[in-house]
>>> print(open('start20.txt').read())   # compact mmCIF, C-alpha atoms
# COMPACT_ATOMS: atom_id res chain seq x y z
CA MET A 203 -3.36 -40.53 -36.25
CA PHE A 204 -6.80 -39.51 -35.06
CA GLU A 205 -8.15 -42.97 -34.33
CA ASN A 206 -9.10 -41.98 -30.77
CA THR A 207 -10.64 -38.55 -31.30
CA LEU A 208 -14.17 -37.46 -30.56
CA ASP A 209 -14.97 -37.16 -34.26
CA CYS A 210 -13.81 -40.72 -34.93
CA TYR A 211 -16.10 -42.11 -32.23
CA ALA A 212 -18.98 -40.00 -33.53
CA HIS A 213 -18.68 -41.76 -36.90
CA SER A 214 -18.12 -45.30 -35.58
CA ASN A 215 -20.32 -45.70 -32.48
CA HIS A 216 -23.27 -48.12 -32.28
CA LEU A 217 -25.85 -45.30 -32.03
CA LYS A 218 -24.73 -43.46 -35.15
CA SER A 219 -27.68 -44.77 -37.19
CA THR A 220 -30.23 -43.60 -34.61
CA ASN A 221 -32.42 -40.75 -35.84
CA THR A 222 -30.53 -37.47 -35.51
CA TYR A 223 -33.58 -35.49 -34.44
CA PHE A 224 -34.30 -38.02 -31.71
CA LYS A 225 -30.77 -37.75 -30.30
CA VAL A 226 -30.81 -33.96 -30.44
CA LEU A 227 -34.21 -33.68 -28.73
CA PHE A 228 -33.25 -36.31 -26.16
CA ALA A 229 -29.97 -34.63 -25.24
CA ILE A 230 -31.29 -31.05 -25.15
CA LEU A 231 -34.50 -31.79 -23.24
CA THR A 232 -32.65 -33.91 -20.70
CA MET A 233 -30.03 -31.20 -20.24
CA LEU A 234 -32.75 -28.60 -19.64
CA VAL A 235 -34.33 -30.84 -16.99
CA SER A 236 -30.93 -31.14 -15.32
CA LEU A 237 -30.52 -27.36 -15.29
CA ILE A 238 -33.95 -26.63 -13.78
CA SER A 239 -33.58 -29.18 -11.01
CA THR A 240 -33.41 -27.63 -7.55
CA SER A 241 -31.83 -30.71 -6.01
CA PRO A 242 -28.75 -32.74 -7.04
CA VAL A 243 -30.64 -36.04 -7.24
CA VAL A 244 -32.04 -35.80 -10.77
CA PRO A 245 -28.87 -34.32 -12.36
CA LEU A 246 -26.80 -37.16 -10.88
CA ILE A 247 -29.30 -39.73 -12.17
CA ILE A 248 -29.04 -38.10 -15.60
CA ALA A 249 -25.23 -38.18 -15.45
CA PHE A 250 -25.18 -41.91 -14.61
CA PHE A 251 -27.83 -42.75 -17.22
CA MET A 252 -26.08 -40.81 -19.99
CA SER A 253 -22.75 -42.38 -19.09
CA PHE A 254 -24.38 -45.81 -19.26
CA LEU A 255 -25.73 -45.07 -22.75
CA ILE A 256 -22.36 -43.77 -23.95
CA ILE A 257 -20.32 -46.73 -22.69
CA PHE A 258 -22.69 -49.69 -23.00
CA LYS A 259 -25.06 -48.68 -25.82
CA ALA A 260 -22.87 -46.53 -28.05
CA LYS A 261 -19.87 -48.77 -27.22
CA ILE A 262 -17.52 -45.86 -26.64
CA SER A 263 -14.25 -46.90 -25.01
CA TRP A 264 -14.60 -46.41 -21.27
CA LYS A 265 -10.96 -45.36 -21.02
CA PHE A 266 -11.47 -42.63 -23.61
CA TYR A 267 -14.71 -41.54 -21.93
CA LEU A 268 -13.07 -41.30 -18.51
CA LYS A 269 -10.31 -39.12 -19.95
CA PHE A 270 -12.92 -37.03 -21.73
CA PHE A 271 -14.92 -36.79 -18.50
CA LEU A 272 -11.95 -35.97 -16.28
CA PHE A 273 -11.57 -32.27 -17.16
CA PRO A 274 -15.19 -31.13 -16.53
CA PHE A 275 -15.33 -33.36 -13.45
CA SER A 276 -12.18 -31.74 -12.03
CA PHE A 277 -13.46 -28.26 -12.81
CA GLY A 278 -16.83 -29.06 -11.23
CA LEU A 279 -15.18 -30.55 -8.14
CA LEU A 280 -13.03 -27.44 -7.74
CA THR A 281 -16.11 -25.24 -8.07
CA PHE A 282 -17.89 -27.35 -5.46
CA VAL A 283 -15.02 -26.98 -2.98
CA PHE A 284 -14.79 -23.18 -3.40
CA MET A 285 -18.55 -22.69 -3.14
CA ALA A 286 -18.74 -24.91 -0.07
CA ILE A 287 -16.10 -22.79 1.69
CA PHE A 288 -16.70 -19.25 0.47
CA PHE A 289 -20.45 -19.17 -0.29
CA GLY A 290 -23.41 -19.47 1.98
CA VAL A 291 -24.09 -18.74 5.62
CA GLY A 292 -25.46 -20.75 8.50
CA THR A 293 -24.33 -23.72 10.48
CA HIS A 294 -20.73 -24.82 10.12
CA VAL A 295 -20.57 -28.50 9.18
CA LEU A 296 -16.77 -28.65 8.96
CA GLU A 297 -14.10 -26.46 10.52
CA LEU A 298 -10.95 -26.36 8.39
CA GLY A 299 -8.80 -24.78 11.05
CA ILE A 300 -7.04 -22.50 8.53
CA PHE A 301 -7.70 -18.72 8.50
CA ASN A 302 -11.03 -19.39 10.25
CA LEU A 303 -12.37 -21.06 7.11
CA ALA A 304 -15.27 -23.45 7.41
CA VAL A 305 -17.76 -25.33 5.24
CA THR A 306 -21.30 -24.06 5.79
CA ALA A 307 -24.50 -26.03 5.21
CA ASP A 308 -25.80 -23.53 2.63
CA GLY A 309 -22.50 -23.39 0.79
CA PHE A 310 -22.18 -27.18 0.69
CA ASN A 311 -25.72 -27.67 -0.62
CA LEU A 312 -25.35 -24.93 -3.24
CA GLY A 313 -21.93 -26.14 -4.36
CA PHE A 314 -23.07 -29.75 -4.65
CA LEU A 315 -26.13 -28.68 -6.65
CA VAL A 316 -23.96 -26.75 -9.11
CA PHE A 317 -21.57 -29.70 -9.31
CA ALA A 318 -24.42 -32.12 -10.07
CA ARG A 319 -25.91 -29.79 -12.68
CA MET A 320 -22.53 -29.51 -14.39
CA LEU A 321 -22.19 -33.30 -14.56
CA GLY A 322 -25.73 -33.74 -15.84
CA GLY A 323 -25.37 -31.06 -18.50
CA PHE A 324 -21.94 -32.22 -19.63
CA THR A 325 -22.96 -35.87 -20.01
CA CYS A 326 -25.93 -34.80 -22.16
CA LEU A 327 -23.64 -32.83 -24.46
CA ALA A 328 -21.10 -35.65 -24.41
CA PHE A 329 -23.80 -38.10 -25.51
CA LEU A 330 -24.70 -35.87 -28.43
CA ALA A 331 -21.09 -35.18 -29.44
CA LEU A 332 -19.95 -38.81 -29.19
CA THR A 333 -22.89 -40.36 -31.04
CA THR A 334 -23.67 -37.80 -33.76
CA PRO A 335 -21.28 -36.61 -36.50
CA MET A 336 -20.95 -32.85 -36.69
CA THR A 337 -22.09 -32.76 -40.32
CA GLU A 338 -25.47 -34.15 -39.27
CA LEU A 339 -25.73 -31.65 -36.43
CA PHE A 340 -24.99 -28.80 -38.84
CA SER A 341 -27.72 -30.12 -41.15
CA VAL A 342 -30.21 -30.10 -38.26
CA LEU A 343 -29.21 -26.55 -37.36
CA LYS A 344 -29.68 -25.56 -40.99
CA LEU A 345 -33.23 -26.92 -41.00
CA VAL A 346 -34.12 -24.96 -37.84
CA LYS A 347 -33.15 -21.75 -39.67
CA ILE A 348 -29.81 -20.97 -38.05
CA PRO A 349 -28.22 -18.22 -40.22
CA LYS A 350 -26.18 -19.66 -43.05
CA ILE A 351 -23.10 -17.55 -42.31
CA VAL A 352 -23.02 -18.87 -38.73
CA LEU A 353 -23.11 -22.47 -39.94
CA GLU A 354 -20.41 -21.86 -42.54
CA LEU A 355 -18.10 -20.33 -39.94
CA ALA A 356 -18.82 -23.18 -37.50
CA MET A 357 -18.05 -25.82 -40.13
CA LEU A 358 -14.79 -24.12 -41.10
CA MET A 359 -13.77 -23.74 -37.45
CA TYR A 360 -14.53 -27.41 -36.83
CA ARG A 361 -12.47 -28.41 -39.86
CA TYR A 362 -9.46 -26.35 -38.80
CA ILE A 363 -9.44 -27.88 -35.33
CA PHE A 364 -8.13 -31.04 -36.95
CA VAL A 365 -5.70 -29.11 -39.15
CA PHE A 366 -4.36 -27.53 -35.96
CA LEU A 367 -4.09 -30.92 -34.20
CA ASP A 368 -2.41 -32.52 -37.20
CA GLU A 369 0.26 -29.83 -37.36
CA ALA A 370 0.81 -29.90 -33.60
CA ILE A 371 1.24 -33.68 -33.50
CA ASN A 372 3.60 -33.72 -36.49
CA MET A 373 5.77 -30.99 -34.99
CA TYR A 374 5.78 -32.70 -31.58
CA HIS A 375 6.87 -36.03 -33.06
CA ALA A 376 9.60 -34.30 -35.08
CA GLN A 377 10.93 -32.65 -31.92
CA GLU A 378 10.66 -35.87 -29.93
CA THR A 379 12.74 -37.85 -32.43
CA ARG A 380 15.47 -35.20 -32.07
CA LEU A 381 15.46 -35.58 -28.25
CA GLY A 382 13.70 -32.27 -27.81
CA TYR A 383 12.01 -33.48 -24.62
CA SER A 384 14.91 -35.37 -23.01
CA SER A 385 15.18 -32.86 -20.15
CA LEU A 386 13.09 -30.18 -18.49
CA LYS A 387 15.11 -27.35 -20.05
CA LYS A 388 14.86 -28.85 -23.53
CA SER A 389 11.16 -29.57 -23.04
CA LEU A 390 10.39 -25.95 -22.18
CA LYS A 391 12.43 -24.72 -25.14
CA SER A 392 10.76 -27.21 -27.51
CA MET A 393 7.27 -26.31 -26.33
CA GLY A 394 8.05 -22.63 -26.84
CA MET A 395 9.26 -23.27 -30.38
CA LEU A 396 6.23 -25.47 -31.10
CA GLY A 397 3.83 -22.79 -29.89
CA SER A 398 5.53 -20.00 -31.83
CA ASN A 399 5.64 -21.94 -35.12
CA LEU A 400 2.27 -23.64 -34.83
CA PHE A 401 0.25 -20.52 -35.62
CA ILE A 402 2.26 -19.80 -38.77
CA ARG A 403 2.04 -23.41 -39.98
CA THR A 404 -1.72 -23.63 -39.44
CA TRP A 405 -2.20 -20.23 -41.13
CA LEU A 406 -0.38 -21.51 -44.21
CA LYS A 407 -2.39 -24.75 -44.14
CA GLY A 408 -5.57 -22.71 -43.97
CA GLU A 409 -4.55 -20.63 -46.96
CA GLN A 410 -3.76 -23.78 -48.92
CA ALA A 411 -7.13 -25.30 -48.01
CA TYR A 412 -8.95 -22.13 -49.11
CA ILE A 413 -7.11 -22.10 -52.46
CA ALA A 414 -8.03 -25.76 -52.94
CA MET A 415 -11.70 -24.98 -52.19
CA GLU A 416 -11.73 -22.07 -54.64
CA SER A 417 -10.20 -24.24 -57.37
CA ARG A 418 -13.16 -26.59 -56.85
CA CYS A 419 -15.73 -23.82 -57.46
CA TYR A 420 -16.33 -22.88 -53.81
CA ASP A 421 -19.10 -20.27 -53.79
CA GLY A 422 -19.41 -19.65 -50.07
CA SER A 423 -21.64 -22.65 -49.41
CA MET A 424 -20.46 -25.97 -47.97
CA ARG A 425 -22.80 -28.87 -48.64
CA THR A 426 -22.79 -31.98 -46.49
CA MET A 427 -22.81 -35.50 -47.89
CA ARG A 428 -25.83 -36.66 -45.90
CA GLU A 429 -28.97 -34.86 -44.86
CA PRO A 430 -30.51 -35.97 -41.53
CA GLU A 431 -33.66 -38.04 -41.45
CA SER A 432 -37.04 -36.38 -41.34
CA ILE A 433 -38.37 -35.54 -37.90
CA LYS A 434 -41.35 -37.75 -38.76
CA SER A 435 -39.04 -40.75 -39.06
CA MET A 436 -38.41 -40.75 -35.30
CA GLY A 437 -41.38 -43.06 -34.99
CA THR A 438 -44.30 -42.96 -32.58
CA HIS A 439 -42.67 -45.53 -30.31
CA ASN A 440 -39.46 -43.54 -29.87
CA LEU A 441 -41.36 -40.30 -29.39
CA ALA A 442 -43.56 -41.91 -26.72
CA LEU A 443 -40.47 -43.24 -24.91
CA LEU A 444 -38.87 -39.81 -25.05
CA ILE A 445 -41.94 -38.11 -23.59
CA LEU A 446 -42.28 -40.78 -20.88
CA PHE A 447 -38.63 -40.43 -19.92
CA GLU A 448 -38.72 -36.64 -19.72
CA VAL A 449 -41.98 -36.65 -17.76
CA SER A 450 -40.42 -39.13 -15.32
CA LEU A 451 -37.44 -36.83 -14.84
CA ILE A 452 -39.66 -33.78 -14.32
CA THR A 453 -41.67 -35.77 -11.76
CA GLY A 454 -38.41 -36.60 -10.02
CA VAL A 455 -37.48 -32.91 -10.01
CA TYR A 456 -40.81 -32.10 -8.31
CA ILE A 457 -40.50 -34.89 -5.74
CA THR A 458 -36.91 -34.04 -4.78
CA ALA A 459 -37.36 -30.27 -4.92
CA ASN A 460 -36.62 -29.78 -1.22
CA PHE A 461 -33.89 -32.39 -0.87
CA LYS A 462 -30.86 -31.15 1.08
CA ILE A 463 -27.80 -33.02 2.24
CA PHE A 464 -27.41 -30.78 5.29
>>> encode(input="start20.txt", output="structure tokens")
Amino acid sequence: MFENTLDCYAHSNHLKSTNTYFKVLFAILTMLVSLISTSPVVPLIIAFFMSFLIIFKAKISWKFYLKFFLFPFSFGLLTFVFMAIFFGVGTHVLELGIFNLAVTADGFNLGFLVFARMLGGFTCLAFLALTTPMTELFSVLKLVKIPKIVLELAMLMYRYIFVFLDEAINMYHAQETRLGYSSLKKSLKSMGMLGSNLFIRTWLKGEQAYIAMESRCYDGSMRTMREPESIKSMGTHNLALLILFEVSLITGVYITANFKIF
């Protein structure tokens, strides 16, 4: 049922065996460079490069990635449009002819910068999420001294996301086989019933899962099956490539610091 979920790709991609520390450092450092950039050039380069790694190196389905990418892209595009119209002062580069609205040079440049930063940051997080199983990420967080209670809550929340999805899909299919979505009126009624019953069903599933954990001597600590590799196992070659790549990006940030479209 979940053959096309993010978690499935994280466990079956071609970069799964790459050192976890290397992927975490690579994604976080690159995202920080994207955020500090004062021009849209470097964040856009990062977005294209990360997308290339996800599709062609990790072998993630491009159709799935485009669907995954569509929501943040749409939100970023909407933010760009609003900032271009309602933020900034200066020369008008486009008159809309509606309520005296116009796109200003400052607003366009600021909106496009925010849009590029959003794409750069999202693709970095997408690379990490699509190539690294969450259990390994939790193990890394544990080693960097994140409080244990925070990790336990995060792991339980992550687990119950799939319990929630499982219940929602089962209920939707049951309604669909009974022609619950054959018309607009029936669809609205079915969605209302699904939403009202979903919380109760997932609550009961959660209680059952907790009872099952307690019967297996759960003591408040969830142990993962695999600990991540040592940070020393990244290798000098990979570390040198990482440093060279990040330095190149920072150099690009400095060179394009004053780049403006208008």
>>> residues_near_point(input="start20.txt", point="(-24.3, -18.3, 5.3)", cutoff="7 Å", atoms="all atoms listed in the file", output="number ranges by chain")
A: 289-292, 306, 308
>>> residues_near_point(input="start20.txt", point="(-22.8, -44.8, -20.0)", cutoff="12 Å", atoms="all atoms listed in the file", output="PDB file with C-alpha atoms, keeping the file's coordinate frame")
ATOM      1  CA  ILE A 247     -29.300 -39.730 -12.170  1.00  0.00           C
ATOM      2  CA  ILE A 248     -29.040 -38.100 -15.600  1.00  0.00           C
ATOM      3  CA  ALA A 249     -25.230 -38.180 -15.450  1.00  0.00           C
ATOM      4  CA  PHE A 250     -25.180 -41.910 -14.610  1.00  0.00           C
ATOM      5  CA  PHE A 251     -27.830 -42.750 -17.220  1.00  0.00           C
ATOM      6  CA  MET A 252     -26.080 -40.810 -19.990  1.00  0.00           C
ATOM      7  CA  SER A 253     -22.750 -42.380 -19.090  1.00  0.00           C
ATOM      8  CA  PHE A 254     -24.380 -45.810 -19.260  1.00  0.00           C
ATOM      9  CA  LEU A 255     -25.730 -45.070 -22.750  1.00  0.00           C
ATOM     10  CA  ILE A 256     -22.360 -43.770 -23.950  1.00  0.00           C
ATOM     11  CA  ILE A 257     -20.320 -46.730 -22.690  1.00  0.00           C
ATOM     12  CA  PHE A 258     -22.690 -49.690 -23.000  1.00  0.00           C
ATOM     13  CA  LYS A 259     -25.060 -48.680 -25.820  1.00  0.00           C
ATOM     14  CA  ALA A 260     -22.870 -46.530 -28.050  1.00  0.00           C
ATOM     15  CA  LYS A 261     -19.870 -48.770 -27.220  1.00  0.00           C
ATOM     16  CA  ILE A 262     -17.520 -45.860 -26.640  1.00  0.00           C
ATOM     17  CA  SER A 263     -14.250 -46.900 -25.010  1.00  0.00           C
ATOM     18  CA  TRP A 264     -14.600 -46.410 -21.270  1.00  0.00           C
ATOM     19  CA  LYS A 265     -10.960 -45.360 -21.020  1.00  0.00           C
ATOM     20  CA  TYR A 267     -14.710 -41.540 -21.930  1.00  0.00           C
ATOM     21  CA  LEU A 268     -13.070 -41.300 -18.510  1.00  0.00           C
ATOM     22  CA  PHE A 271     -14.920 -36.790 -18.500  1.00  0.00           C
ATOM     23  CA  THR A 325     -22.960 -35.870 -20.010  1.00  0.00           C
ATOM     24  CA  CYS A 326     -25.930 -34.800 -22.160  1.00  0.00           C
ATOM     25  CA  ALA A 328     -21.100 -35.650 -24.410  1.00  0.00           C
ATOM     26  CA  PHE A 329     -23.800 -38.100 -25.510  1.00  0.00           C
ATOM     27  CA  LEU A 332     -19.950 -38.810 -29.190  1.00  0.00           C
ATOM     28  CA  THR A 333     -22.890 -40.360 -31.040  1.00  0.00           C
TER      29      THR A 333
END
>>> residues_around(input="start20.txt", residues="His375 of chain A", least_positions_apart="6", cutoff="12 Å", atoms="all atoms listed in the file", output="mmCIF file with C-alpha atoms, in the frame of the given file")
data_model
loop_
_atom_site.group_PDB
_atom_site.id
_atom_site.type_symbol
_atom_site.label_atom_id
_atom_site.label_comp_id
_atom_site.auth_asym_id
_atom_site.auth_seq_id
_atom_site.Cartn_x
_atom_site.Cartn_y
_atom_site.Cartn_z
ATOM 1 C CA MET A 203 -3.360 -40.530 -36.250
ATOM 2 C CA ASP A 368 -2.410 -32.520 -37.200
ATOM 3 C CA GLU A 369 0.260 -29.830 -37.360
ATOM 4 C CA LEU A 381 15.460 -35.580 -28.250
ATOM 5 C CA GLY A 382 13.700 -32.270 -27.810
ATOM 6 C CA TYR A 383 12.010 -33.480 -24.620
ATOM 7 C CA SER A 392 10.760 -27.210 -27.510
ATOM 8 C CA MET A 393 7.270 -26.310 -26.330
ATOM 9 C CA LEU A 396 6.230 -25.470 -31.100
#
>>> closest_residue(input="start20.txt", among="A:Pro335, A:Pro349, A:Pro245, A:Gly299", to="Lys225 of chain A", atoms="only C-alpha atoms")
A:Pro335
>>> closest_residue(input="start20.txt", among="A:Met357, A:Leu208, A:Val283, A:Leu237", to="Phe266 of chain A", atoms="only C-alpha atoms")
A:Leu208
>>> atom_distance(input="start20.txt", atom1="atom CA of Ile287 of chain A", atom2="atom CA of Ala304 of chain A")
5.8 Å
>>> residues_around(input="start20.txt", residues="Thr458 of chain A", least_positions_apart="3", cutoff="12 Å", atoms="all atoms listed in the file", output="number ranges by chain")
A: 239-245, 451-455, 461-463
>>> atom_distance(input="start20.txt", atom1="atom CA of Met436 of chain A", atom2="atom CA of Asn221 of chain A")
6.0 Å
>>> atom_distance(input="start20.txt", atom1="atom CA of Asn215 of chain A", atom2="atom CA of Ala318 of chain A")
26.5 Å
